[in-house]
file protein09.cif (mmCIF, C-alpha atoms)
data_structure
loop_
_atom_site.label_atom_id
_atom_site.label_comp_id
_atom_site.auth_asym_id
_atom_site.auth_seq_id
_atom_site.Cartn_x
_atom_site.Cartn_y
_atom_site.Cartn_z
CA MET A 860 -39.14 -150.65 -100.25
CA SER A 861 -38.29 -153.66 -98.07
CA LEU A 862 -40.93 -154.08 -95.39
CA HIS A 863 -40.85 -155.98 -92.10
CA ASP A 864 -43.33 -158.75 -91.37
CA GLU A 865 -45.34 -156.58 -88.99
CA THR A 866 -45.93 -154.12 -91.83
CA ILE A 867 -46.54 -156.76 -94.50
CA ALA A 868 -49.18 -158.39 -92.30
CA LEU A 869 -51.08 -155.11 -92.21
CA HIS A 870 -50.63 -153.76 -95.72
CA ALA A 871 -49.84 -156.51 -98.25
CA GLY A 872 -52.46 -157.93 -100.59
CA TYR A 873 -54.85 -154.97 -100.62
CA GLU A 874 -54.29 -151.29 -101.31
CA PRO A 875 -57.39 -149.14 -100.92
CA GLY A 876 -57.83 -146.29 -103.36
CA ASN A 877 -59.25 -142.85 -102.69
CA THR A 878 -62.37 -143.11 -100.47
CA GLU A 879 -62.30 -146.92 -100.62
CA PRO A 880 -62.64 -149.14 -97.51
CA MET A 881 -59.52 -149.44 -95.38
CA ASN A 882 -60.25 -153.10 -94.62
CA VAL A 883 -60.44 -155.79 -97.27
CA PRO A 884 -64.06 -155.83 -98.49
CA ILE A 885 -66.01 -159.08 -98.27
CA VAL A 886 -66.99 -159.86 -101.86
CA GLN A 887 -69.89 -162.19 -101.11
CA SER A 888 -70.54 -163.40 -104.63
CA THR A 889 -69.96 -166.59 -106.57
CA THR A 890 -70.40 -164.92 -109.94
CA TYR A 891 -68.82 -162.20 -112.08
CA VAL A 892 -70.46 -160.37 -114.98
CA TYR A 893 -68.86 -159.81 -118.40
CA ASP A 894 -69.65 -157.35 -121.17
CA SER A 895 -69.86 -160.02 -123.86
CA SER A 896 -69.75 -163.75 -124.56
CA GLU A 897 -66.38 -163.19 -126.20
CA ALA A 898 -64.99 -161.78 -122.95
CA ILE A 899 -66.08 -164.92 -121.11
CA SER A 900 -64.42 -167.12 -123.74
CA GLU A 901 -61.19 -165.18 -123.46
CA VAL A 902 -60.90 -165.66 -119.71
CA PHE A 903 -61.30 -169.42 -120.12
CA ASP A 904 -58.34 -169.34 -122.49
CA GLU A 905 -56.34 -167.17 -120.07
CA PRO A 906 -57.65 -167.66 -116.51
CA THR A 907 -55.29 -165.14 -114.93
CA LYS A 908 -56.85 -162.40 -117.07
CA SER A 909 -59.95 -162.06 -114.91
CA LEU A 910 -62.20 -163.82 -112.41
CA ILE A 911 -64.24 -166.80 -113.55
CA TYR A 912 -66.07 -168.19 -110.55
CA SER A 913 -65.53 -168.19 -106.79
CA ARG A 914 -64.60 -171.86 -106.79
CA PHE A 915 -61.32 -170.74 -108.41
CA ALA A 916 -60.76 -167.27 -107.03
CA ASN A 917 -62.49 -164.50 -105.12
CA PRO A 918 -61.23 -160.93 -104.52
CA THR A 919 -61.34 -161.19 -100.73
CA VAL A 920 -59.55 -164.53 -100.72
CA MET A 921 -57.05 -163.31 -103.31
CA ALA A 922 -56.03 -160.45 -101.03
CA VAL A 923 -55.21 -162.90 -98.24
CA GLU A 924 -53.40 -165.20 -100.66
CA ALA A 925 -51.20 -162.31 -101.77
CA LYS A 926 -50.50 -161.31 -98.16
CA ILE A 927 -49.39 -164.78 -97.10
CA ALA A 928 -47.30 -165.21 -100.25
CA ALA A 929 -45.56 -161.94 -99.38
CA LEU A 930 -44.93 -163.08 -95.81
CA GLU A 931 -43.41 -166.35 -97.01
CA GLY A 932 -41.43 -164.78 -99.85
CA GLY A 933 -43.30 -166.74 -102.54
CA VAL A 934 -44.57 -165.71 -105.95
CA ALA A 935 -48.18 -166.80 -105.47
CA ALA A 936 -50.48 -168.76 -103.17
CA MET A 937 -53.74 -170.70 -103.28
CA ALA A 938 -56.02 -170.77 -100.25
CA THR A 939 -57.98 -173.88 -99.36
CA SER A 940 -60.84 -174.77 -97.06
CA SER A 941 -58.58 -176.55 -94.54
CA GLY A 942 -54.98 -177.41 -93.80
CA GLN A 943 -55.64 -181.01 -94.84
CA ALA A 944 -56.93 -179.75 -98.19
CA ALA A 945 -53.72 -177.74 -98.61
CA THR A 946 -51.57 -180.80 -97.93
CA LEU A 947 -53.61 -182.92 -100.32
CA ALA A 948 -53.46 -180.29 -103.07
CA ALA A 949 -49.72 -179.79 -102.64
CA VAL A 950 -49.13 -183.52 -103.14
CA LEU A 951 -51.71 -184.28 -105.84
CA ASN A 952 -50.46 -181.38 -107.91
CA LEU A 953 -47.34 -183.49 -108.49
CA CYS A 954 -48.32 -187.11 -107.81
CA GLU A 955 -50.67 -189.55 -109.48
CA ARG A 956 -51.24 -193.30 -109.32
CA GLY A 957 -47.94 -195.16 -109.36
CA ASP A 958 -45.92 -192.26 -107.98
CA HIS A 959 -43.94 -192.06 -104.77
CA LEU A 960 -42.97 -189.43 -102.21
CA ILE A 961 -40.61 -189.27 -99.25
CA SER A 962 -41.77 -187.83 -95.93
CA THR A 963 -40.24 -187.41 -92.54
CA GLY A 964 -41.97 -189.53 -89.93
CA GLN A 965 -42.26 -186.64 -87.48
CA ILE A 966 -45.42 -185.04 -88.87
CA TYR A 967 -48.99 -184.31 -87.81
CA GLY A 968 -51.06 -187.46 -87.20
CA GLY A 969 -53.69 -186.43 -89.73
CA THR A 970 -51.00 -186.07 -92.37
CA THR A 971 -49.59 -189.48 -91.45
CA ASN A 972 -53.00 -191.02 -92.01
CA LEU A 973 -53.46 -189.11 -95.28
CA PHE A 974 -50.12 -190.38 -96.55
CA ALA A 975 -50.14 -193.92 -95.18
CA VAL A 976 -53.79 -194.79 -95.79
CA THR A 977 -55.65 -192.47 -98.16
CA LEU A 978 -52.84 -191.85 -100.65
CA ALA A 979 -52.01 -195.56 -100.59
CA ARG A 980 -55.59 -196.30 -101.64
CA MET A 981 -55.07 -193.89 -104.53
CA GLY A 982 -51.96 -195.78 -105.63
CA ILE A 983 -49.43 -193.24 -104.31
CA GLU A 984 -46.72 -194.75 -102.11
CA VAL A 985 -45.01 -192.92 -99.27
CA SER A 986 -41.68 -193.76 -97.67
CA PHE A 987 -41.37 -192.42 -94.11
CA VAL A 988 -37.91 -191.57 -92.82
CA ASP A 989 -36.60 -190.20 -89.56
CA ALA A 990 -35.86 -186.47 -89.72
CA GLY A 991 -32.37 -187.25 -88.43
CA ALA A 992 -31.58 -189.69 -91.24
CA THR A 993 -28.19 -189.46 -92.91
CA ARG A 994 -27.76 -188.33 -96.49
CA GLU A 995 -26.95 -191.90 -97.49
CA GLU A 996 -30.19 -193.15 -95.93
CA LEU A 997 -32.16 -190.46 -97.73
CA ASP A 998 -30.50 -191.11 -101.10
CA ALA A 999 -31.40 -194.80 -100.85
CA LEU A 1000 -35.12 -193.94 -100.76
CA VAL A 1001 -35.26 -192.13 -104.11
CA ARG A 1002 -36.95 -193.94 -107.00
CA PRO A 1003 -37.61 -193.00 -110.63
CA THR A 1004 -41.24 -192.42 -109.57
CA THR A 1005 -40.39 -190.14 -106.61
CA LYS A 1006 -42.01 -186.73 -107.05
CA LEU A 1007 -41.36 -184.77 -103.85
CA VAL A 1008 -39.89 -184.65 -100.36
CA PHE A 1009 -42.11 -183.57 -97.45
CA GLY A 1010 -41.47 -182.37 -93.91
CA GLU A 1011 -42.71 -180.07 -91.14
CA THR A 1012 -40.56 -177.18 -89.95
CA LEU A 1013 -41.74 -177.83 -86.40
CA ALA A 1014 -43.43 -181.20 -86.12
CA ASN A 1015 -46.82 -181.58 -84.46
CA PRO A 1016 -46.68 -182.77 -81.65
CA ALA A 1017 -43.11 -184.18 -81.54
CA LEU A 1018 -41.68 -180.64 -81.94
CA THR A 1019 -38.78 -181.93 -84.01
CA VAL A 1020 -37.11 -179.06 -85.88
CA LEU A 1021 -36.56 -179.93 -89.54
CA ASP A 1022 -33.07 -179.36 -90.91
CA ILE A 1023 -34.47 -177.52 -93.91
CA GLU A 1024 -31.15 -176.98 -95.64
CA LYS A 1025 -30.23 -180.65 -95.39
CA PHE A 1026 -33.52 -181.81 -96.86
CA ALA A 1027 -33.53 -179.09 -99.54
CA ASN A 1028 -30.02 -180.04 -100.67
CA PHE A 1029 -30.98 -183.71 -100.75
CA ALA A 1030 -34.18 -183.08 -102.69
CA HIS A 1031 -32.57 -180.75 -105.23
CA ALA A 1032 -29.69 -183.14 -105.86
CA HIS A 1033 -32.29 -185.57 -107.18
CA GLY A 1034 -34.33 -183.00 -109.09
CA LEU A 1035 -37.11 -183.05 -106.50
CA PRO A 1036 -38.98 -180.19 -104.80
CA LEU A 1037 -39.08 -179.85 -101.03
CA VAL A 1038 -42.61 -179.29 -99.67
CA VAL A 1039 -42.69 -177.96 -96.12
CA ASP A 1040 -45.54 -177.52 -93.65
CA ASN A 1041 -44.74 -174.30 -91.77
CA THR A 1042 -47.89 -174.14 -89.62
CA PHE A 1043 -46.36 -173.95 -86.14
CA PRO A 1044 -43.58 -171.37 -86.68
CA THR A 1045 -45.55 -169.32 -89.26
CA PRO A 1046 -43.54 -167.09 -91.63
CA VAL A 1047 -43.02 -164.68 -88.74
CA LEU A 1048 -40.63 -167.10 -87.02
CA CYS A 1049 -39.38 -169.18 -89.96
CA LYS A 1050 -39.17 -168.63 -93.72
CA PRO A 1051 -38.51 -172.06 -95.28
CA ILE A 1052 -38.16 -170.66 -98.80
CA SER A 1053 -35.09 -168.70 -97.74
CA TRP A 1054 -33.54 -172.04 -96.65
CA GLY A 1055 -34.34 -173.88 -99.87
CA ALA A 1056 -37.96 -175.07 -99.60
CA ASP A 1057 -39.92 -174.92 -102.86
CA ILE A 1058 -43.52 -175.21 -101.70
CA VAL A 1059 -44.81 -174.11 -98.28
CA ILE A 1060 -48.16 -175.08 -96.82
CA HIS A 1061 -50.10 -174.02 -93.73
CA SER A 1062 -53.12 -174.87 -91.74
CA THR A 1063 -54.28 -171.28 -91.40
CA SER A 1064 -56.74 -172.53 -88.76
CA LYS A 1065 -53.84 -172.35 -86.31
CA TYR A 1066 -51.69 -169.30 -85.49
CA MET A 1067 -52.53 -167.37 -88.65
CA ASP A 1068 -56.18 -167.23 -87.65
CA GLY A 1069 -55.26 -167.46 -83.99
CA HIS A 1070 -58.75 -167.27 -82.54
CA ALA A 1071 -60.35 -170.61 -83.45
CA VAL A 1072 -63.07 -169.01 -85.55
CA GLN A 1073 -62.64 -170.73 -88.93
CA VAL A 1074 -60.77 -173.55 -90.64
CA GLY A 1075 -58.49 -172.93 -93.59
CA GLY A 1076 -55.26 -173.75 -95.37
CA ILE A 1077 -52.91 -172.36 -98.00
CA VAL A 1078 -50.29 -173.51 -100.49
CA VAL A 1079 -47.47 -171.06 -101.29
CA ASP A 1080 -45.33 -171.42 -104.42
CA SER A 1081 -41.75 -170.17 -104.07
CA GLY A 1082 -41.43 -169.87 -107.86
CA ARG A 1083 -37.86 -171.14 -107.57
CA PHE A 1084 -38.10 -174.77 -108.64
CA ASP A 1085 -37.28 -175.28 -112.34
CA TRP A 1086 -40.03 -177.67 -113.40
CA ALA A 1087 -39.06 -177.43 -117.06
CA ALA A 1088 -35.52 -178.59 -116.28
CA HIS A 1089 -37.05 -181.78 -114.89
CA ALA A 1090 -39.79 -182.16 -117.49
CA ASP A 1091 -39.44 -185.94 -117.68
CA ARG A 1092 -40.26 -186.23 -113.99
CA PHE A 1093 -43.06 -183.64 -114.07
CA PRO A 1094 -44.83 -184.02 -117.43
CA ALA A 1095 -48.12 -182.67 -116.04
CA LEU A 1096 -46.46 -179.28 -115.70
CA SER A 1097 -44.39 -179.40 -118.87
CA THR A 1098 -46.71 -181.00 -121.45
CA PRO A 1099 -50.12 -179.86 -122.74
CA ASP A 1100 -53.00 -180.18 -120.28
CA GLU A 1101 -55.81 -181.39 -122.50
CA SER A 1102 -58.30 -180.76 -119.70
CA TYR A 1103 -57.47 -177.07 -119.94
CA HIS A 1104 -57.15 -176.14 -123.62
CA GLY A 1105 -53.76 -177.75 -124.05
CA THR A 1106 -52.04 -175.30 -121.71
CA VAL A 1107 -48.39 -176.01 -120.95
CA TYR A 1108 -48.05 -174.47 -117.51
CA THR A 1109 -44.28 -174.05 -117.50
CA GLU A 1110 -44.38 -172.25 -120.86
CA THR A 1111 -47.35 -170.00 -120.14
CA TYR A 1112 -46.93 -169.20 -116.45
CA GLY A 1113 -43.22 -169.55 -115.79
CA ALA A 1114 -42.38 -169.20 -112.11
CA ALA A 1115 -46.04 -169.55 -111.10
CA ALA A 1116 -46.62 -172.73 -113.12
CA TYR A 1117 -47.15 -174.91 -110.04
CA ILE A 1118 -49.75 -172.74 -108.35
CA VAL A 1119 -51.71 -172.01 -111.55
CA LYS A 1120 -51.89 -175.73 -112.30
CA ALA A 1121 -53.12 -176.37 -108.76
CA ARG A 1122 -55.84 -173.75 -109.17
CA MET A 1123 -57.01 -174.63 -112.67
CA GLN A 1124 -56.85 -178.41 -112.23
CA LEU A 1125 -57.31 -179.35 -108.60
CA MET A 1126 -59.39 -176.46 -107.34
CA ARG A 1127 -61.56 -176.71 -110.44
CA ASP A 1128 -62.26 -180.39 -109.76
CA PHE A 1129 -62.20 -180.60 -105.96
CA GLY A 1130 -63.71 -177.21 -105.12
CA THR A 1131 -61.99 -176.84 -101.74
CA TYR A 1132 -61.84 -173.03 -101.94
CA PRO A 1133 -62.61 -171.01 -98.79
CA ALA A 1134 -65.50 -168.59 -98.45
CA ALA A 1135 -64.92 -164.85 -98.68
CA HIS A 1136 -66.02 -164.31 -95.09
CA SER A 1137 -63.53 -166.92 -93.88
CA ALA A 1138 -60.75 -165.09 -95.70
CA PHE A 1139 -61.85 -161.80 -94.14
CA MET A 1140 -61.62 -163.34 -90.66
CA LEU A 1141 -58.22 -164.82 -91.50
CA ASP A 1142 -56.98 -161.41 -92.56
CA LEU A 1143 -57.93 -159.97 -89.18
CA GLY A 1144 -55.85 -162.67 -87.52
CA LEU A 1145 -52.88 -162.06 -89.78
CA GLN A 1146 -52.78 -158.40 -88.81
CA THR A 1147 -51.64 -159.26 -85.26
CA LEU A 1148 -49.70 -162.42 -86.09
CA ALA A 1149 -46.23 -161.00 -85.44
CA LEU A 1150 -47.25 -159.61 -82.05
CA ARG A 1151 -48.94 -162.82 -80.98
CA MET A 1152 -46.06 -165.10 -82.00
CA GLU A 1153 -43.69 -163.17 -79.75
CA ARG A 1154 -46.05 -163.56 -76.77
CA HIS A 1155 -46.80 -167.24 -77.52
CA SER A 1156 -43.08 -167.98 -77.68
CA ALA A 1157 -42.22 -166.09 -74.50
CA ASN A 1158 -45.01 -167.76 -72.53
CA ALA A 1159 -44.13 -171.20 -73.89
CA LEU A 1160 -40.51 -170.84 -72.85
CA ALA A 1161 -41.56 -169.92 -69.31
CA VAL A 1162 -43.91 -172.91 -69.21
CA ALA A 1163 -41.18 -175.24 -70.52
CA GLU A 1164 -38.76 -174.04 -67.85
CA TYR A 1165 -41.37 -174.56 -65.12
CA LEU A 1166 -42.24 -178.08 -66.29
CA ALA A 1167 -38.57 -179.05 -66.62
CA ALA A 1168 -38.21 -178.34 -62.91
CA GLN A 1169 -41.01 -180.78 -61.99
CA THR A 1170 -38.71 -183.77 -61.69
CA GLY A 1171 -40.35 -187.03 -60.70
CA VAL A 1172 -43.69 -185.99 -62.17
CA VAL A 1173 -42.58 -184.84 -65.62
CA SER A 1174 -40.00 -187.16 -67.13
CA ARG A 1175 -39.29 -185.04 -70.18
CA VAL A 1176 -40.09 -181.63 -71.62
CA ILE A 1177 -39.87 -181.08 -75.36
CA TYR A 1178 -39.52 -177.49 -76.49
CA PRO A 1179 -36.87 -176.38 -79.01
CA GLY A 1180 -36.53 -173.00 -77.33
CA LEU A 1181 -35.37 -174.67 -74.12
CA ALA A 1182 -31.60 -174.89 -73.70
CA GLY A 1183 -30.54 -178.51 -73.84
CA ASP A 1184 -33.47 -179.60 -76.01
CA ALA A 1185 -32.51 -181.80 -78.96
CA GLY A 1186 -33.85 -179.16 -81.34
CA TYR A 1187 -32.34 -176.14 -79.62
CA ASP A 1188 -29.44 -175.57 -82.03
CA ALA A 1189 -31.69 -175.99 -85.07
CA ALA A 1190 -34.21 -173.56 -83.57
CA GLN A 1191 -31.46 -171.00 -83.09
CA LYS A 1192 -30.55 -171.39 -86.76
CA TYR A 1193 -33.95 -171.49 -88.43
CA PHE A 1194 -36.28 -169.53 -86.12
CA LYS A 1195 -36.24 -165.77 -85.62
CA ASN A 1196 -34.27 -164.98 -82.46
CA GLY A 1197 -34.60 -168.64 -81.51
CA MET A 1198 -38.31 -168.18 -80.76
CA ALA A 1199 -39.83 -171.65 -81.00
CA SER A 1200 -43.55 -170.89 -81.18
CA GLY A 1201 -46.12 -171.68 -78.51
CA VAL A 1202 -46.42 -175.47 -78.30
CA VAL A 1203 -44.77 -177.43 -75.48
CA SER A 1204 -44.89 -181.20 -75.18
CA LEU A 1205 -44.33 -182.93 -71.86
CA VAL A 1206 -44.03 -186.62 -71.08
CA LEU A 1207 -45.61 -187.57 -67.77
CA ALA A 1208 -43.65 -190.01 -65.64
CA GLY A 1209 -46.87 -191.91 -64.89
CA GLY A 1210 -47.48 -192.49 -68.59
CA ARG A 1211 -50.78 -192.70 -70.46
CA GLU A 1212 -52.72 -193.59 -67.30
CA VAL A 1213 -52.16 -190.27 -65.48
CA ALA A 1214 -52.71 -187.98 -68.49
CA PRO A 1215 -56.50 -187.66 -67.98
CA THR A 1216 -56.05 -186.76 -64.30
CA PHE A 1217 -53.47 -184.11 -65.11
CA MET A 1218 -55.61 -182.57 -67.86
CA ASP A 1219 -58.90 -182.68 -65.97
CA SER A 1220 -57.33 -180.94 -62.97
CA LEU A 1221 -56.63 -177.82 -65.02
CA GLN A 1222 -59.15 -175.01 -64.59
CA LEU A 1223 -57.96 -172.22 -66.88
CA VAL A 1224 -56.48 -174.42 -69.60
CA ASN A 1225 -59.00 -175.79 -72.08
CA ASN A 1226 -59.29 -179.45 -73.05
CA ALA A 1227 -59.63 -179.02 -76.79
CA VAL A 1228 -58.87 -180.73 -80.08
CA HIS A 1229 -57.11 -177.68 -81.37
CA VAL A 1230 -53.78 -175.95 -81.10
CA ALA A 1231 -52.21 -172.54 -81.72
CA ASP A 1232 -55.04 -170.46 -80.29
CA VAL A 1233 -54.81 -167.32 -78.17
CA ARG A 1234 -56.12 -169.39 -75.24
CA THR A 1235 -54.03 -172.13 -73.64
CA MET A 1236 -55.16 -175.64 -74.60
CA VAL A 1237 -54.15 -179.18 -73.68
CA LEU A 1238 -54.44 -182.49 -75.54
CA HIS A 1239 -53.30 -186.11 -75.19
CA PRO A 1240 -52.27 -187.03 -78.76
CA ALA A 1241 -52.03 -190.82 -78.28
CA SER A 1242 -55.75 -191.03 -77.50
CA THR A 1243 -56.94 -188.29 -79.86
CA THR A 1244 -55.12 -186.91 -82.92
CA HIS A 1245 -52.86 -189.99 -83.17
CA ARG A 1246 -55.48 -192.48 -81.96
CA GLN A 1247 -55.37 -194.31 -85.32
CA CYS A 1248 -51.61 -194.87 -85.09
CA THR A 1249 -50.04 -198.15 -84.06
CA ASP A 1250 -47.40 -198.18 -81.33
CA GLU A 1251 -44.78 -198.36 -84.06
CA GLN A 1252 -46.26 -195.34 -85.85
CA LEU A 1253 -46.45 -193.44 -82.56
CA ALA A 1254 -42.76 -194.09 -81.98
CA ALA A 1255 -41.89 -193.02 -85.53
CA ALA A 1256 -43.86 -189.80 -85.07
CA GLY A 1257 -42.05 -189.09 -81.82
CA VAL A 1258 -45.22 -189.45 -79.75
CA ASP A 1259 -44.75 -191.14 -76.38
CA PRO A 1260 -48.00 -192.66 -74.99
CA GLY A 1261 -47.60 -190.38 -71.96
CA LEU A 1262 -47.00 -187.25 -74.02
CA VAL A 1263 -49.29 -184.29 -73.39
CA ARG A 1264 -49.36 -181.36 -75.79
CA LEU A 1265 -49.75 -177.88 -74.35
CA SER A 1266 -50.64 -175.09 -76.71
CA VAL A 1267 -49.59 -172.08 -74.66
CA GLY A 1268 -51.76 -169.02 -75.18
CA ILE A 1269 -51.25 -165.33 -74.63
CA GLU A 1270 -52.81 -165.08 -71.15
CA HIS A 1271 -50.63 -163.68 -68.38
CA VAL A 1272 -47.95 -166.29 -67.89
CA ASP A 1273 -48.35 -166.33 -64.09
CA ASP A 1274 -51.97 -167.43 -64.48
CA ILE A 1275 -50.95 -170.24 -66.83
CA LEU A 1276 -48.24 -171.45 -64.45
CA GLU A 1277 -50.59 -171.39 -61.46
CA ASP A 1278 -53.07 -173.56 -63.32
CA LEU A 1279 -50.40 -176.03 -64.42
CA GLU A 1280 -49.45 -176.40 -60.77
CA ASN A 1281 -52.97 -177.73 -60.16
CA GLY A 1282 -52.32 -180.50 -62.67
CA ILE A 1283 -48.88 -181.30 -61.24
CA LYS A 1284 -50.26 -181.56 -57.70
CA ALA A 1285 -53.06 -183.88 -58.87
CA ILE A 1286 -50.61 -186.51 -60.11
CA SER A 1287 -47.79 -186.00 -57.58
#

call {"tool": "encode", "arguments": {"input": "protein09.cif", "output": "structure tokens"}}
result
Amino acid sequence: MSLHDETIALHAGYEPGNTEPMNVPIVQSTTYVYDSSEAISEVFDEPTKSLIYSRFANPTVMAVEAKIAALEGGVAAMATSSGQAATLAAVLNLCERGDHLISTGQIYGGTTNLFAVTLARMGIEVSFVDAGATREELDALVRPTTKLVFGETLANPALTVLDIEKFANFAHAHGLPLVVDNTFPTPVLCKPISWGADIVIHSTSKYMDGHAVQVGGIVVDSGRFDWAAHADRFPALSTPDESYHGTVYTETYGAAAYIVKARMQLMRDFGTYPAAHSAFMLDLGLQTLALRMERHSANALAVAEYLAAQTGVVSRVIYPGLAGDAGYDAAQKYFKNGMASGVVSLVLAGGREVAPTFMDSLQLVNNAVHVADVRTMVLHPASTTHRQCTDEQLAAAGVDPGLVRLSVGIEHVDDILEDLENGIKAIS
């Protein structure tokens, strides 16, 4: 039976039996009991046979992992304690010292810092490229040590829409996987795997949770990339892992080789697994995700149209759902019904100097270092999330110094617009 996202978000991942709880139970335990010492030994030889310890897997978390994998159309998923942990795991599962990856420049500021600073300290080099680069420009970046291509479906906060097919075709032509951050659209609005992405990651702290109650992340494996066919480039997946009983992940786990390796290597050593209660809260958010994304998108479009009319005060509005936006055509192609999620970026004509006045004049809208919440929030990226970036890095990320990011919530749209008028009047 082929189910719609609204139904998957309610039913996937957990099926209660007769007289069992309707909601996913919170299994608040680190430890699992076995009948014998032999049974414990067997599960260390074959970790998918049973549960070992809640640093690797937990029944409550596993239910949410299965639900998100189903929403994205993947074979398996691994939850993490944050979106940053998901990004790090997705990369380190393929890269080690001396390796290289290619990333679009239009990505979240925290990811830029992770790639440009932290990974560099670990001996992993990153080449940043404009999302609009030609195929020839992309081809020129590939090295023998390149292990993956990275991009965001809807960049934070530049709101550039990734041409997923273009980047997937480029990556696959070189035997590379495409890793995509799908946080802003969520699988309700965009399914990158259906367009060729191989690995999908999320900060579940954002729309998936939707209520700013807990931080989390997830890595979803499409199961479609043939690691064995590129064994020379990915020996860690295709040769014995001596740290785990000589397991050859591609031979033992087939389509799920990538995600099992991530769990049994990286999660074992880094321990960035979420708590059961966090997964329970995330599941509650997922149940209304499809409904909320429709409302976020509708409100954001109305806000974008209002701001675009404020000529002289607002020099530019960036929202891919807005006709005439640079990303409009791509949004129509990749996003469900052209819905472009709930984030709107505006560039104030007065630049960086007037941003605090605009923001502080808002009464309903929250000043907050967060995004993708049910409540409307505002942020000035150049002085906050991208504060560590140079002017050159800001330009590469598509962040104008006068850019303000609005995360449009699900309040009544008239109330949001009335409050924004307060900010416009304050800087007019």

call {"tool": "resolve_selection", "arguments": {"input": "protein09.cif", "expression": "the PyMOL selection byres ((chain A and resi 1285) around 8)", "output": "ChimeraX atom specification"}}
result
/A:1216-1217,1220,1281-1284,1286-1287

call {"tool": "closest_residue", "arguments": {"input": "protein09.cif", "among": "A:His1033, A:Lys1192, A:Arg1234, A:Arg1092", "to": "Arg1151 of chain A", "atoms": "only C-alpha atoms"}}
result
A:Arg1234

call {"tool": "resolve_selection", "arguments": {"input": "protein09.cif", "expression": "the PyMOL selection byres ((chain A and resi 1208) around 8)", "output": "mmCIF file with C-alpha atoms, in the frame of the given file"}}
result
data_model
loop_
_atom_site.group_PDB
_atom_site.id
_atom_site.type_symbol
_atom_site.label_atom_id
_atom_site.label_comp_id
_atom_site.auth_asym_id
_atom_site.auth_seq_id
_atom_site.Cartn_x
_atom_site.Cartn_y
_atom_site.Cartn_z
ATOM 1 C CA GLY A 1171 -40.350 -187.030 -60.700
ATOM 2 C CA VAL A 1172 -43.690 -185.990 -62.170
ATOM 3 C CA VAL A 1173 -42.580 -184.840 -65.620
ATOM 4 C CA SER A 1174 -40.000 -187.160 -67.130
ATOM 5 C CA VAL A 1206 -44.030 -186.620 -71.080
ATOM 6 C CA LEU A 1207 -45.610 -187.570 -67.770
ATOM 7 C CA GLY A 1209 -46.870 -191.910 -64.890
ATOM 8 C CA GLY A 1210 -47.480 -192.490 -68.590
ATOM 9 C CA GLY A 1261 -47.600 -190.380 -71.960
#

call {"tool": "closest_residue", "arguments": {"input": "protein09.cif", "among": "A:Tyr1178, A:Phe1009, A:Tyr1112, A:Phe1139", "to": "Val1072 of chain A", "atoms": "all atoms listed in the file"}}
result
A:Phe1139

call {"tool": "closest_residue", "arguments": {"input": "protein09.cif", "among": "A:Asn1196, A:Thr1235, A:Ser1204, A:Gln1146", "to": "Glu865 of chain A", "atoms": "only C-alpha atoms"}}
result
A:Gln1146

call {"tool": "residues_near_point", "arguments": {"input": "protein09.cif", "point": "(-42.2, -170.9, -70.5)", "cutoff": "9 Å", "atoms": "all atoms listed in the file", "output": "PyMOL selection string"}}
result
chain A and resi 1156-1166+1181+1201+1203+1267+1272+1276

call {"tool": "atom_distance", "arguments": {"input": "protein09.cif", "atom1": "atom CA of Asp1128 of chain A", "atom2": "atom CA of Arg914 of chain A"}}
result
9.3 Å

call {"tool": "residues_around", "arguments": {"input": "protein09.cif", "residues": "Phe915 of chain A", "least_positions_apart": "5", "cutoff": "9 Å", "atoms": "only C-alpha atoms", "output": "list in words"}}
result
Leu910, Arg1122, Met1123, Met1126, Arg1127, Gly1130 and Tyr1132 of chain A

call {"tool": "atom_distance", "arguments": {"input": "protein09.cif", "atom1": "atom CA of Val1230 of chain A", "atom2": "atom CA of Ile1177 of chain A"}}
result
15.9 Å

call {"tool": "residues_around", "arguments": {"input": "protein09.cif", "residues": "Thr1244 of chain A", "least_positions_apart": "5", "cutoff": "12 Å", "atoms": "only C-alpha atoms", "output": "PyMOL selection string"}}
result
chain A and resi 966-972+1015-1016+1227-1230+1238-1239+1253+1256+1258+1263-1264

call {"tool": "residues_around", "arguments": {"input": "protein09.cif", "residues": "Leu1021 of chain A", "least_positions_apart": "6", "cutoff": "9 Å", "atoms": "only C-alpha atoms", "output": "list in words"}}
result
Thr963, Ala990, Gly991, Gly1010, Glu1011, Thr1012, Leu1013, Ala1014, Gly1186, Ala1189 and Tyr1193 of chain A

call {"tool": "atom_distance", "arguments": {"input": "protein09.cif", "atom1": "atom CA of Gly957 of chain A", "atom2": "atom CA of Ala1254 of chain A"}}
result
27.9 Å

call {"tool": "closest_residue", "arguments": {"input": "protein09.cif", "among": "A:Asp1250, A:Ala948, A:His1136, A:Leu1048", "to": "Lys1195 of chain A", "atoms": "all atoms listed in the file"}}
result
A:Leu1048
